[in-house]
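Peer 1: What follows is protein_1.tsv, TSV, C-alpha atoms and all ligand atoms.
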```
chain	number	residue	atom	x	y	z
A	1	MET	CA	39.86	-4.47	-11.37
A	2	THR	CA	36.17	-3.74	-10.86
A	3	ILE	CA	34.61	-1.34	-8.39
A	4	ALA	CA	33.79	-3.29	-5.22
A	5	ILE	CA	30.37	-3.26	-3.62
A	6	SER	CA	30.45	-1.92	-0.06
A	7	LYS	CA	30.37	-4.54	2.69
A	8	ILE	CA	27.09	-3.23	4.04
A	9	LEU	CA	25.37	-3.51	0.65
A	10	GLN	CA	26.77	-6.96	-0.07
A	11	GLY	CA	24.28	-8.23	2.52
A	12	LEU	CA	21.29	-6.35	1.11
A	13	GLU	CA	18.34	-8.51	0.01
A	14	PRO	CA	16.44	-6.92	-2.89
A	15	SER	CA	12.70	-6.39	-2.34
A	16	ALA	CA	11.06	-9.78	-2.92
A	17	THR	CA	7.75	-8.22	-3.84
A	18	LEU	CA	9.32	-6.00	-6.47
A	19	ALA	CA	11.43	-8.95	-7.68
A	20	MET	CA	8.32	-11.12	-8.18
A	21	SER	CA	6.59	-8.26	-9.90
A	22	ALA	CA	9.61	-7.79	-12.18
A	23	LYS	CA	9.51	-11.51	-13.07
A	24	ALA	CA	5.82	-11.20	-13.86
A	25	LYS	CA	6.53	-8.20	-16.09
A	26	GLU	CA	9.27	-10.17	-17.86
A	27	LEU	CA	6.79	-12.97	-18.66
A	28	LYS	CA	4.32	-10.35	-19.88
A	29	SER	CA	6.95	-8.89	-22.18
A	30	GLN	CA	7.27	-12.38	-23.73
A	31	GLY	CA	3.61	-12.08	-24.68
A	32	LYS	CA	2.22	-14.21	-21.82
A	33	THR	CA	-0.88	-13.23	-19.85
A	34	VAL	CA	0.19	-12.90	-16.23
A	35	TYR	CA	-2.08	-12.46	-13.20
A	36	ASP	CA	0.02	-10.26	-10.99
A	37	LEU	CA	-1.03	-10.38	-7.34
A	38	SER	CA	2.48	-9.76	-6.07
A	39	VAL	CA	2.68	-6.06	-5.50
A	40	GLY	CA	0.80	-4.04	-2.89
A	41	GLU	CA	-0.60	-1.45	-5.20
A	42	PRO	CA	-4.25	-0.41	-5.63
A	43	ASP	CA	-5.38	-1.03	-9.20
A	44	PHE	CA	-7.55	2.12	-9.14
A	45	VAL	CA	-6.41	5.23	-10.95
A	46	THR	CA	-5.65	8.19	-8.71
A	47	PRO	CA	-8.93	10.10	-8.24
A	48	GLN	CA	-9.41	12.86	-10.81
A	49	HIS	CA	-9.46	15.82	-8.41
A	50	ILE	CA	-6.07	14.74	-7.07
A	51	CYS	CA	-4.59	14.44	-10.57
A	52	ASP	CA	-6.05	17.87	-11.38
A	53	ALA	CA	-4.32	19.33	-8.34
A	54	GLY	CA	-1.02	17.97	-9.72
A	55	THR	CA	-1.69	19.49	-13.14
A	56	ASN	CA	-2.74	22.79	-11.60
A	57	ALA	CA	0.38	22.85	-9.44
A	58	MET	CA	2.51	22.59	-12.57
A	59	LYS	CA	0.52	25.30	-14.33
A	60	ALA	CA	0.83	27.55	-11.29
A	61	GLY	CA	4.60	27.15	-11.34
A	62	PHE	CA	5.02	24.88	-8.32
A	63	THR	CA	7.86	23.18	-10.10
A	64	LYS	CA	10.76	24.37	-7.96
A	65	TYR	CA	12.53	23.12	-4.87
A	66	THR	CA	10.41	23.26	-1.75
A	67	ILE	CA	11.51	23.15	1.88
A	68	ALA	CA	13.29	19.79	2.12
A	69	SER	CA	10.87	18.43	4.71
A	70	GLY	CA	7.74	19.43	2.75
A	71	ILE	CA	5.51	22.41	1.99
A	72	PRO	CA	3.94	24.06	5.05
A	73	GLU	CA	0.35	23.64	3.73
A	74	LEU	CA	0.79	19.88	3.44
A	75	LYS	CA	2.41	19.56	6.88
A	76	LYS	CA	-0.51	21.51	8.32
A	77	ALA	CA	-3.04	19.27	6.53
A	78	ILE	CA	-1.31	16.14	7.83
A	79	ALA	CA	-1.29	17.46	11.41
A	80	GLU	CA	-4.98	18.37	11.03
A	81	LYS	CA	-5.81	14.91	9.70
A	82	TYR	CA	-4.40	13.32	12.84
A	83	LYS	CA	-6.36	15.79	14.96
A	84	THR	CA	-9.64	15.21	13.11
A	85	ASP	CA	-9.30	11.46	12.68
A	86	TYR	CA	-7.66	10.46	15.95
A	87	GLY	CA	-7.78	13.48	18.26
A	88	LEU	CA	-3.99	13.78	18.33
A	89	GLU	CA	-2.39	17.23	18.57
A	90	TYR	CA	0.67	17.69	16.39
A	91	ASN	CA	2.40	20.87	15.41
A	92	PRO	CA	3.16	21.02	11.64
A	93	SER	CA	6.83	21.26	12.62
A	94	GLN	CA	6.54	17.65	13.83
A	95	VAL	CA	5.72	16.48	10.29
A	96	VAL	CA	8.32	15.43	7.73
A	97	VAL	CA	7.08	14.72	4.20
A	98	SER	CA	9.19	12.24	2.25
A	99	ASN	CA	9.36	10.32	-1.03
A	100	GLY	CA	6.91	7.68	0.15
A	101	ALA	CA	6.56	5.98	3.51
A	102	LYS	CA	9.47	3.70	2.58
A	103	HIS	CA	11.69	6.77	2.56
A	104	SER	CA	10.13	7.92	5.85
A	105	LEU	CA	11.20	4.62	7.42
A	106	HIS	CA	14.73	5.05	6.12
A	107	ASN	CA	14.84	8.52	7.69
A	108	ILE	CA	13.67	7.15	11.03
A	109	PHE	CA	16.22	4.34	11.16
A	110	PHE	CA	19.12	6.58	10.13
A	111	THR	CA	18.11	9.30	12.54
A	112	THR	CA	17.46	7.24	15.64
A	113	LEU	CA	19.52	4.04	15.52
A	114	ASP	CA	23.12	3.44	16.46
A	115	PRO	CA	25.10	0.32	15.49
A	116	ASN	CA	23.87	-2.77	17.35
A	117	ASP	CA	20.71	-1.13	18.68
A	118	GLU	CA	17.92	-3.68	18.58
A	119	VAL	CA	14.55	-3.09	16.96
A	120	ILE	CA	11.80	-5.58	17.75
A	121	VAL	CA	9.84	-6.56	14.65
A	122	PRO	CA	6.93	-9.01	14.86
A	123	ALA	CA	6.93	-11.51	11.97
A	124	PRO	CA	5.53	-11.86	9.41
A	125	TYR	CA	6.79	-8.36	8.64
A	126	TRP	CA	6.85	-6.13	5.60
A	127	VAL	CA	9.94	-7.07	3.57
A	128	THR	CA	11.60	-3.67	3.78
A	129	TYR	CA	11.80	-3.35	7.57
A	130	ALA	CA	14.52	-5.87	8.29
A	131	GLU	CA	16.69	-4.76	5.37
A	132	GLN	CA	16.49	-1.06	6.20
A	133	ILE	CA	17.24	-1.69	9.88
A	134	LYS	CA	20.30	-3.73	8.91
A	135	LEU	CA	21.44	-1.02	6.49
A	136	SER	CA	21.46	1.46	9.34
A	137	GLY	CA	23.80	-0.85	11.29
A	138	ALA	CA	21.17	-1.85	13.83
A	139	ILE	CA	19.72	-5.32	14.46
A	140	PRO	CA	16.18	-6.41	13.67
A	141	VAL	CA	14.99	-8.80	16.38
A	142	ILE	CA	12.28	-10.88	14.77
A	143	ILE	CA	9.44	-12.16	16.96
A	144	PRO	CA	7.47	-14.96	15.32
A	145	THR	CA	3.69	-14.92	15.68
A	146	GLU	CA	1.15	-17.68	15.02
A	147	GLU	CA	-1.65	-18.02	12.50
A	148	SER	CA	-3.79	-19.49	15.31
A	149	GLN	CA	-3.45	-16.14	17.14
A	150	ASN	CA	-4.19	-14.16	14.01
A	151	PHE	CA	-0.48	-13.30	13.74
A	152	LYS	CA	-0.64	-10.98	16.74
A	153	MET	CA	2.31	-10.38	19.02
A	154	THR	CA	1.22	-10.48	22.64
A	155	ALA	CA	2.55	-8.00	25.18
A	156	ALA	CA	4.11	-10.90	27.12
A	157	ARG	CA	5.97	-12.15	24.05
A	158	PHE	CA	7.13	-8.61	23.33
A	159	GLU	CA	8.40	-8.15	26.88
A	160	ARG	CA	10.37	-11.40	26.76
A	161	ALA	CA	12.24	-10.17	23.67
A	162	ILE	CA	13.47	-6.98	25.30
A	163	THR	CA	17.18	-6.79	26.12
A	164	PRO	CA	19.35	-3.90	27.35
A	165	LYS	CA	20.07	-3.15	23.68
A	166	THR	CA	16.40	-2.85	22.67
A	167	LYS	CA	15.58	0.64	21.46
A	168	MET	CA	12.26	0.35	19.69
A	169	LEU	CA	9.35	-1.68	18.53
A	170	LEU	CA	8.19	-1.52	14.94
A	171	LEU	CA	4.48	-2.21	14.74
A	172	CYS	CA	2.61	-2.36	11.45
A	173	ASN	CA	-1.11	-2.06	12.08
A	174	PRO	CA	-3.09	-3.01	9.98
A	175	SER	CA	-0.44	-5.44	8.90
A	176	ASN	CA	1.22	-6.07	5.60
A	177	PRO	CA	1.40	-9.06	4.89
A	178	THR	CA	-1.26	-10.62	7.14
A	179	GLY	CA	-4.06	-8.04	7.31
A	180	THR	CA	-4.03	-8.36	11.11
A	181	VAL	CA	-5.67	-5.48	12.98
A	182	TYR	CA	-4.86	-5.13	16.69
A	183	ASN	CA	-7.72	-4.06	18.94
A	184	SER	CA	-7.33	-1.36	21.53
A	185	LYS	CA	-6.89	-3.78	24.46
A	186	GLU	CA	-4.06	-5.63	22.71
A	187	LEU	CA	-2.39	-2.36	21.77
A	188	SER	CA	-2.78	-0.95	25.29
A	189	GLU	CA	-1.03	-3.99	26.74
A	190	ILE	CA	1.83	-3.50	24.30
A	191	ALA	CA	1.88	0.23	25.10
A	192	ASP	CA	2.18	-0.54	28.82
A	193	VAL	CA	5.34	-2.55	28.14
A	194	VAL	CA	6.71	0.27	25.98
A	195	LEU	CA	6.22	2.75	28.82
A	196	LYS	CA	7.45	0.41	31.54
A	197	LYS	CA	10.63	-0.44	29.63
A	198	ASN	CA	11.25	3.10	28.41
A	199	LEU	CA	11.19	2.16	24.72
A	200	PHE	CA	10.14	3.88	21.50
A	201	VAL	CA	7.70	2.80	18.81
A	202	ILE	CA	7.51	3.16	15.08
A	203	ALA	CA	3.81	2.87	14.25
A	204	ASP	CA	3.41	2.14	10.55
A	205	GLU	CA	-0.21	3.12	10.00
A	206	ILE	CA	-0.20	3.30	6.22
A	207	TYR	CA	-3.30	1.06	6.00
A	208	ASP	CA	-5.29	3.01	8.62
A	209	LYS	CA	-8.20	3.65	6.26
A	210	LEU	CA	-8.42	0.09	4.94
A	211	VAL	CA	-10.16	-1.84	7.70
A	212	TYR	CA	-13.00	-4.37	7.29
A	213	GLY	CA	-15.95	-5.81	9.16
A	214	ASN	CA	-16.01	-5.27	12.91
A	215	ASN	CA	-12.36	-4.31	13.08
A	216	ARG	CA	-11.54	-0.79	14.22
A	217	PHE	CA	-8.27	0.97	13.63
A	218	VAL	CA	-6.66	2.53	16.70
A	219	SER	CA	-3.74	4.91	16.23
A	220	PHE	CA	-0.95	3.86	18.58
A	221	PRO	CA	-0.17	7.22	20.25
A	222	THR	CA	-3.81	7.60	21.33
A	223	LEU	CA	-3.54	4.72	23.79
A	224	SER	CA	-2.14	6.58	26.74
A	225	ALA	CA	-0.59	9.86	27.75
A	226	GLY	CA	3.13	9.91	27.21
A	227	LEU	CA	3.03	7.69	24.13
A	228	GLN	CA	3.04	10.49	21.60
A	229	GLU	CA	6.53	11.55	22.61
A	230	ARG	CA	7.69	7.91	22.31
A	231	THR	CA	6.10	7.17	18.94
A	232	ILE	CA	6.97	7.98	15.38
A	233	VAL	CA	3.91	7.51	13.20
A	234	VAL	CA	4.40	6.60	9.53
A	235	ASN	CA	1.70	7.11	6.94
A	236	GLY	CA	1.25	8.30	3.36
A	237	VAL	CA	-1.08	8.64	0.39
A	238	SER	CA	0.01	5.56	-1.60
A	239	LYS	CA	-2.57	3.08	-0.36
A	240	THR	CA	-5.50	5.23	0.79
A	241	TYR	CA	-5.66	7.37	-2.35
A	242	ALA	CA	-4.19	5.00	-4.96
A	243	MET	CA	-1.13	7.24	-5.28
A	244	THR	CA	1.77	4.77	-5.24
A	245	GLY	CA	3.63	6.46	-8.09
A	246	TRP	CA	3.39	9.98	-6.68
A	247	ARG	CA	5.76	9.05	-3.83
A	248	VAL	CA	4.47	10.93	-0.82
A	249	GLY	CA	4.73	9.58	2.71
A	250	TRP	CA	5.29	11.24	6.07
A	251	THR	CA	6.16	10.92	9.72
A	252	LEU	CA	4.70	12.52	12.83
A	253	SER	CA	7.29	12.51	15.56
A	254	PRO	CA	8.72	14.46	18.47
A	255	GLU	CA	10.01	17.81	17.23
A	256	LYS	CA	13.69	17.02	17.83
A	257	ILE	CA	13.51	13.89	15.66
A	258	ALA	CA	11.50	15.69	12.96
A	259	LYS	CA	14.10	18.43	12.75
A	260	LYS	CA	16.93	15.93	12.34
A	261	MET	CA	15.04	13.87	9.76
A	262	GLY	CA	14.40	17.06	7.79
A	263	GLU	CA	18.12	17.80	7.89
A	264	LEU	CA	18.95	14.25	6.79
A	265	GLN	CA	16.53	14.62	3.91
A	266	SER	CA	18.04	17.98	2.97
A	267	GLN	CA	21.36	16.20	2.45
A	268	GLU	CA	20.08	13.01	0.87
A	269	THR	CA	17.15	13.72	-1.43
A	270	SER	CA	15.94	17.31	-0.87
A	271	ASN	CA	12.17	17.72	-1.06
A	272	PRO	CA	9.73	15.13	-2.39
A	273	SER	CA	8.29	16.22	-5.76
A	274	SER	CA	6.65	19.65	-5.45
A	275	ILE	CA	3.86	18.53	-7.80
A	276	SER	CA	3.16	15.39	-5.81
A	277	GLN	CA	3.03	17.37	-2.59
A	278	HIS	CA	0.27	19.56	-4.04
A	279	ALA	CA	-1.59	16.47	-5.19
A	280	ALA	CA	-1.24	14.94	-1.71
A	281	LEU	CA	-2.61	18.16	-0.22
A	282	ALA	CA	-5.67	17.83	-2.45
A	283	ALA	CA	-6.02	14.19	-1.40
A	284	LEU	CA	-6.10	15.07	2.30
A	285	THR	CA	-8.18	18.22	2.09
A	286	GLY	CA	-10.52	17.32	-0.79
A	287	PRO	CA	-13.63	15.12	-0.86
A	288	GLN	CA	-13.12	11.74	0.83
A	289	ASN	CA	-15.84	9.75	-0.93
A	290	CYS	CA	-13.15	8.23	-3.18
A	291	VAL	CA	-11.69	6.53	-0.10
A	292	ALA	CA	-15.08	5.05	0.84
A	293	GLU	CA	-15.62	3.87	-2.74
A	294	MET	CA	-12.26	2.13	-2.89
A	295	LEU	CA	-12.83	0.60	0.55
A	296	ALA	CA	-16.17	-0.81	-0.63
A	297	ALA	CA	-14.43	-2.43	-3.61
A	298	PHE	CA	-11.64	-3.81	-1.40
A	299	THR	CA	-14.24	-5.20	1.01
A	300	GLU	CA	-15.98	-7.08	-1.80
A	301	ARG	CA	-12.66	-8.49	-3.00
A	302	ARG	CA	-11.59	-9.44	0.50
A	303	ASN	CA	-14.83	-11.36	1.04
A	304	TYR	CA	-14.46	-13.05	-2.33
A	305	VAL	CA	-10.85	-14.09	-1.64
A	306	ALA	CA	-11.75	-15.45	1.81
A	307	LYS	CA	-14.47	-17.58	0.20
A	308	ARG	CA	-12.15	-18.87	-2.50
A	309	ILE	CA	-9.43	-19.87	-0.02
A	310	ALA	CA	-11.96	-21.63	2.19
A	311	GLY	CA	-13.06	-23.55	-0.92
A	312	ILE	CA	-9.60	-24.83	-1.86
A	313	ASN	CA	-8.77	-28.04	-0.11
A	314	GLY	CA	-5.71	-27.73	2.14
A	315	LEU	CA	-5.36	-23.94	2.14
A	316	THR	CA	-6.17	-21.84	5.22
A	317	CYS	CA	-5.92	-18.19	6.16
A	318	SER	CA	-6.65	-16.08	9.21
A	319	GLU	CA	-9.11	-13.20	9.16
A	320	MET	CA	-8.16	-10.31	6.91
A	321	GLY	CA	-9.02	-7.41	9.18
A	322	GLY	CA	-7.36	-4.69	7.15
A	323	ALA	CA	-4.93	-3.74	4.34
A	324	PHE	CA	-5.38	-5.64	1.06
A	325	TYR	CA	-3.48	-8.88	1.48
A	326	VAL	CA	-4.22	-12.46	2.28
A	327	PHE	CA	-1.41	-14.54	3.78
A	328	PHE	CA	-2.46	-18.13	3.21
A	329	ASN	CA	-1.04	-21.32	4.63
A	330	ILE	CA	0.44	-23.74	2.08
A	331	LYS	CA	2.03	-26.17	4.54
A	332	ASN	CA	-0.24	-29.01	3.38
A	333	TYR	CA	1.45	-28.80	-0.02
A	334	LEU	CA	5.08	-28.73	1.09
A	335	GLY	CA	6.85	-31.96	0.21
A	336	LYS	CA	4.26	-32.66	-2.51
A	337	THR	CA	4.75	-32.70	-6.27
A	338	LEU	CA	2.69	-30.08	-8.08
A	339	GLY	CA	2.61	-30.14	-11.88
A	340	GLY	CA	5.50	-32.61	-11.82
A	341	VAL	CA	7.76	-30.45	-9.59
A	342	ARG	CA	8.47	-31.16	-5.93
A	343	ILE	CA	7.65	-28.18	-3.71
A	344	ASP	CA	9.68	-27.85	-0.52
A	345	ASN	CA	9.19	-24.22	0.42
A	346	SER	CA	7.13	-21.12	-0.28
A	347	GLU	CA	9.64	-19.74	-2.78
A	348	GLN	CA	9.37	-22.86	-4.94
A	349	PHE	CA	5.59	-22.76	-4.58
A	350	CYS	CA	5.46	-19.17	-5.85
A	351	LEU	CA	7.95	-19.72	-8.67
A	352	GLU	CA	6.10	-22.82	-9.92
A	353	LEU	CA	2.74	-21.09	-9.59
A	354	LEU	CA	4.11	-18.28	-11.75
A	355	THR	CA	5.79	-20.57	-14.27
A	356	GLN	CA	3.01	-23.15	-14.56
A	357	LYS	CA	-0.07	-20.99	-14.05
A	358	GLN	CA	1.16	-17.43	-14.63
A	359	VAL	CA	-0.05	-16.19	-11.24
A	360	ALA	CA	2.45	-13.94	-9.43
A	361	THR	CA	2.41	-14.04	-5.61
A	362	VAL	CA	5.09	-13.56	-2.93
A	363	MET	CA	6.63	-16.28	-0.79
A	364	GLY	CA	6.11	-16.11	2.96
A	365	SER	CA	9.85	-16.55	3.55
A	366	ALA	CA	10.37	-12.99	2.26
A	367	PHE	CA	8.22	-11.79	5.16
A	368	GLY	CA	10.08	-13.93	7.70
A	369	CYS	CA	7.43	-16.67	7.78
A	370	GLU	CA	7.95	-19.91	5.84
A	371	GLY	CA	4.96	-22.02	4.81
A	372	TYR	CA	2.78	-19.14	3.61
A	373	VAL	CA	2.11	-17.15	0.46
A	374	ARG	CA	0.98	-13.55	0.19
A	375	VAL	CA	-1.56	-12.44	-2.36
A	376	SER	CA	-2.51	-8.82	-2.86
A	377	PHE	CA	-6.21	-8.47	-3.56
A	378	ALA	CA	-5.80	-4.94	-4.85
A	379	ALA	CA	-6.86	-6.31	-8.24
A	380	GLY	CA	-10.19	-6.55	-10.05
A	381	LEU	CA	-12.63	-9.38	-9.23
A	382	ASP	CA	-12.21	-10.86	-12.71
A	383	ILE	CA	-8.44	-11.11	-12.18
A	384	LEU	CA	-8.93	-12.54	-8.69
A	385	LYS	CA	-11.38	-15.12	-10.03
A	386	GLU	CA	-9.03	-16.30	-12.77
A	387	SER	CA	-6.06	-16.29	-10.37
A	388	PHE	CA	-7.81	-18.40	-7.74
A	389	ASP	CA	-9.09	-20.80	-10.42
A	390	ARG	CA	-5.46	-21.24	-11.40
A	391	ILE	CA	-4.23	-21.54	-7.80
A	392	ALA	CA	-6.85	-24.28	-7.28
A	393	GLU	CA	-5.69	-26.06	-10.46
A	394	PHE	CA	-2.08	-25.78	-9.31
A	395	VAL	CA	-2.60	-27.27	-5.85
A	396	ASN	CA	-4.81	-30.00	-7.36
A	397	SER	CA	-2.12	-30.97	-9.86
A	398	GLN	CA	-0.49	-33.59	-7.58
A	401	LIG	C1	3.52	-1.60	5.63
A	401	LIG	C2	4.00	-0.66	4.58
A	401	LIG	N1	4.66	0.43	4.96
A	401	LIG	C3	5.13	1.31	4.06
A	401	LIG	C4	4.95	1.09	2.71
A	401	LIG	C5	5.55	2.09	1.76
A	401	LIG	O1	4.65	2.81	1.03
A	401	LIG	P1	5.09	4.01	0.10
A	401	LIG	O2	6.58	4.08	0.12
A	401	LIG	O3	4.52	3.72	-1.24
A	401	LIG	O4	4.48	5.23	0.71
A	401	LIG	C6	4.28	-0.05	2.27
A	401	LIG	C7	4.14	-0.34	0.83
A	401	LIG	O5	3.99	-1.45	0.39
A	401	LIG	C8	3.78	-0.94	3.23
A	401	LIG	O6	3.11	-2.04	2.88
```
As structure tokens - that is how I would like this structure written.
Ligand SMILES: Cc1ncc(COP(=O)(O)O)c(C=O)c1O
Peer 2:
Amino acid sequence: MTIAISKILQGLEPSATLAMSAKAKELKSQGKTVYDLSVGEPDFVTPQHICDAGTNAMKAGFTKYTIASGIPELKKAIAEKYKTDYGLEYNPSQVVVSNGAKHSLHNIFFTTLDPNDEVIVPAPYWVTYAEQIKLSGAIPVIIPTEESQNFKMTAARFERAITPKTKMLLLCNPSNPTGTVYNSKELSEIADVVLKKNLFVIADEIYDKLVYGNNRFVSFPTLSAGLQERTIVVNGVSKTYAMTGWRVGWTLSPEKIAKKMGELQSQETSNPSSISQHAALAALTGPQNCVAEMLAAFTERRNYVAKRIAGINGLTCSEMGGAFYVFFNIKNYLGKTLGGVRIDNSEQFCLELLTQKQVATVMGSAFGCEGYVRVSFAAGLDILKESFDRIAEFVNSQ
């Protein structure tokens, strides 16, 4: 007899982005050159002053358990960031620091959701949302959006999806995987529905500093009075400071929720790494020119990628307002034979692109939106150039 997997985990879908990345790594280990645009990870090294803060923390003996919900200095710095950047007043006791924003989301779902509660999630959505909601016993209610509307969920569409079981809306702005950035009017209309229907919001704002062109980031709780107590903001250092491996994310929430999430964390994981917390503190309180430098590089790559997609016959994409992804439409190639293999869906497209051309991407179906492919442009221009040359060759191989 073997140990059985629990019923709840039998239904768990592994992360498609990490799975594609693992496949790419496997090919690399066989000696192949692989162009990996699958994972949402800045290619920059963590800025030196942040690494130094980690080293100094170790030397200074910050290598012990901390308060489970994070060191007070970091909580204070996070609260101050939201005051300085967005004019929002938070007490440090409303901050919970976790092992990455992914862990923050887990804490939120397990702290606030009961079985069969509904959470409205506009699609395409980040792969983890639906799985984590299901793990908590609640139900993700997926609202499709259209490329022609820049993948934005309208307030009217949101309102139509609300049922007596609806508890919250999960809004990722700027969006992974589409790069959509909502403007303040669109967000205000959504906020009005939230208030009218007495709902709550999880505002995943992890890409708040990565916004391009005329787009402006608006933090959800700033939209009207009363929203702050209905919103749990999620953010972290992974994307803004190229700190994916350090694993530091956080929430800003009403005090009661923060206290419970801290208690949950004290039983599940204890504190996030003490060293990483000191590095994150240096990231938030130190010089910010590294953020501007990385944004400039991302902007150049984003413009390059937009040009390349426009130049490939049959591919389209909507404007990439923020984050570092392009979600391009491959519907013109479904039902066609590429490199001798018939392609019927985005998963086959991505697998064949990886096998035939060694370019790793992620299928739209993983984000709840068939007919699209996500590419992360958090890679050097040389890699992007080679990858898009290969993507062009692939789609022209009919
Ligand atoms: C929308 C979104 N939220 C949260 C995360 C989690 O980030 P981390 O756990 O590295 O802080 C990611 C990472 O890909 C993301 O894209």
Peer 1: For the atom pair CA of Ala57 (chain A) and CA of Gln277 (chain A), what is the interatomic distance in Å to one decimal place?
Peer 2: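 Taking CA of Ala57 (chain A) as the start and CA of Gln277 (chain A) as the end point, the length is 9.2 Å.
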Peer 1: If we count all atoms listed in the file and set the cut-off at 9 Å, which residues sit around region 373-379 of chain A, ignoring sequence neighbours fewer than 3 positions away in its own chain? Please answer as a VMD selection string.
Peer 2: chain A and resid 36 to 44 177 to 178 298 301 to 302 305 324 to 330 346 to 347 349 to 350 360 to 365 367 370 382 to 384
Peer 1: With distances taken over only C-alpha atoms and all ligand atoms, which of A:Ala366, A:Gly340, A:Asn235, A:Val395 is nearest to ligand LIG 401 (chain A)?
Peer 2: A:Asn235
Peer 1: Using only C-alpha atoms and all ligand atoms, which protein or nucleic acid residues are at most 7 Å from ligand LIG 401 (chain A), as a PyMOL selection string?
Peer 2: chain A and resi 40+99-103+126+172+175-176+204+206+236-238+244+247-249
Peer 1: Rounded to one decimal, what separation in Å do you get between CA of Ser104 (chain A) and CA of Ala79 (chain A)?
Peer 2: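 About the pair CA of Ser104 (chain A) and CA of Ala79 (chain A): they are 15.9 Å apart.
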Peer 1: Provide the CA of Ala138 (chain A) to CA of Val119 (chain A) distance in Å, to one decimal place.
Peer 2: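 Distance reported for this atom pair: 7.4 Å.
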Peer 1: Hey, what's within 10 Å of Tyr129 (chain A) if we count only C-alpha atoms and toss same-chain stuff fewer than 3 positions away? As a ChimeraX atom specification, please?
Peer 2: /A:102,105-106,109,119,121,125-126,132-135,140,170,367
Peer 1: Next, the residues of the selection above should be written as a short mmCIF file (atom, residue, chain, number, x, y, z; two decimals), keeping the file's coordinate frame with C-alpha atoms.
Peer 2:
```
data_model
loop_
_atom_site.label_atom_id
_atom_site.label_comp_id
_atom_site.auth_asym_id
_atom_site.auth_seq_id
_atom_site.Cartn_x
_atom_site.Cartn_y
_atom_site.Cartn_z
CA LYS A 102 9.47 3.70 2.58
CA LEU A 105 11.20 4.62 7.42
CA HIS A 106 14.73 5.05 6.12
CA PHE A 109 16.22 4.34 11.16
CA VAL A 119 14.55 -3.09 16.96
CA VAL A 121 9.84 -6.56 14.65
CA TYR A 125 6.79 -8.36 8.64
CA TRP A 126 6.85 -6.13 5.60
CA GLN A 132 16.49 -1.06 6.20
CA ILE A 133 17.24 -1.69 9.88
CA LYS A 134 20.30 -3.73 8.91
CA LEU A 135 21.44 -1.02 6.49
CA PRO A 140 16.18 -6.41 13.67
CA LEU A 170 8.19 -1.52 14.94
CA PHE A 367 8.22 -11.79 5.16
#
```
Peer 1: So that I can see what lies close to Gly87 (chain A), please list as a short mmCIF file (atom, residue, chain, number, x, y, z; two decimals) with C-alpha atoms, in the coordinates of the input the residues with an atom at most 12 Å from it, counting all atoms listed in the file and leaving out residues fewer than 5 positions away in the same chain.
Peer 2:
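The result, stored in part30.cif:
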```cif
data_model
loop_
_atom_site.label_atom_id
_atom_site.label_comp_id
_atom_site.auth_asym_id
_atom_site.auth_seq_id
_atom_site.Cartn_x
_atom_site.Cartn_y
_atom_site.Cartn_z
CA ALA A 79 -1.29 17.46 11.41
CA GLU A 80 -4.98 18.37 11.03
CA LYS A 81 -5.81 14.91 9.70
CA TYR A 82 -4.40 13.32 12.84
CA VAL A 218 -6.66 2.53 16.70
CA SER A 219 -3.74 4.91 16.23
CA PHE A 220 -0.95 3.86 18.58
CA PRO A 221 -0.17 7.22 20.25
CA THR A 222 -3.81 7.60 21.33
CA LEU A 223 -3.54 4.72 23.79
CA GLN A 228 3.04 10.49 21.60
#
```
Peer 1: Would you list the residues near (6.5, 2.9, 24.3) (no more than 12 Å away, in the coordinates of the file, using all atoms listed in the file) as a VMD selection string?
Peer 2: chain A and resid 120 155 158 to 159 166 to 171 187 to 203 220 to 232
Peer 1: Compare A:Leu88, A:Val45, A:Leu27, A:Ala392 by their minimum atom-to-atom distance to Ile309 (chain A), counting all atoms listed in the file, and give me the closest one.
Peer 2: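 Answer, going by the shortest atom-to-atom distance: A:Ala392.
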Peer 1: Find the spatial neighbours of Leu252 (chain A), counting all atoms listed in the file, within a cut-off of 7 Å - ignore same-chain residues fewer than 5 positions away - and output them as a PDB file with C-alpha atoms, keeping the file's coordinate frame.
Peer 2:
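See part-v7.pdb below for the written result:
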```
ATOM      1  CA  GLN A  94       6.540  17.650  13.830  1.00  0.00           C
ATOM      2  CA  VAL A  95       5.720  16.480  10.290  1.00  0.00           C
ATOM      3  CA  VAL A  96       8.320  15.430   7.730  1.00  0.00           C
ATOM      4  CA  ILE A 232       6.970   7.980  15.380  1.00  0.00           C
ATOM      5  CA  VAL A 233       3.910   7.510  13.200  1.00  0.00           C
ATOM      6  CA  VAL A 234       4.400   6.600   9.530  1.00  0.00           C
TER       7      VAL A 234
END
```
Peer 1: Around all the atoms of region 320-327 of chain A listed in the file, draw an axis-aligned box and extend it by 5 Å on each of the six sides; I want its centre and edge lengths in Å to one decimal, as JSON.
Peer 2:
```
{"center_x": -5.2, "center_y": -9.1, "center_z": 5.1, "size_x": 17.6, "size_y": 20.8, "size_z": 18.1}
```
Peer 1: Using only C-alpha atoms, find the one residue out of A:Thr17, A:Ser93, A:Arg160, A:Gly368 that sits nearest to Pro122 (chain A).
Peer 2: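 Comparing A:Thr17, A:Ser93, A:Arg160, A:Gly368 against Pro122 (chain A), the winner is A:Gly368.
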Peer 1: Just want the 9 Å neighbourhood of Gly11 (chain A), counted on all atoms listed in the file, with same-chain residues fewer than 2 positions away dropped. Output as a VMD selection string.
Peer 2: chain A and resid 7 to 9 13 131 134 to 135
Peer 1: I'd like to know which of A:Lys385, A:Gly371, A:Lys336, A:Lys185 is closest to Ser397 (chain A), using all atoms listed in the file.
Peer 2: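 Using all atoms listed in the file, the shortest distance to Ser397 (chain A) belongs to A:Lys336.
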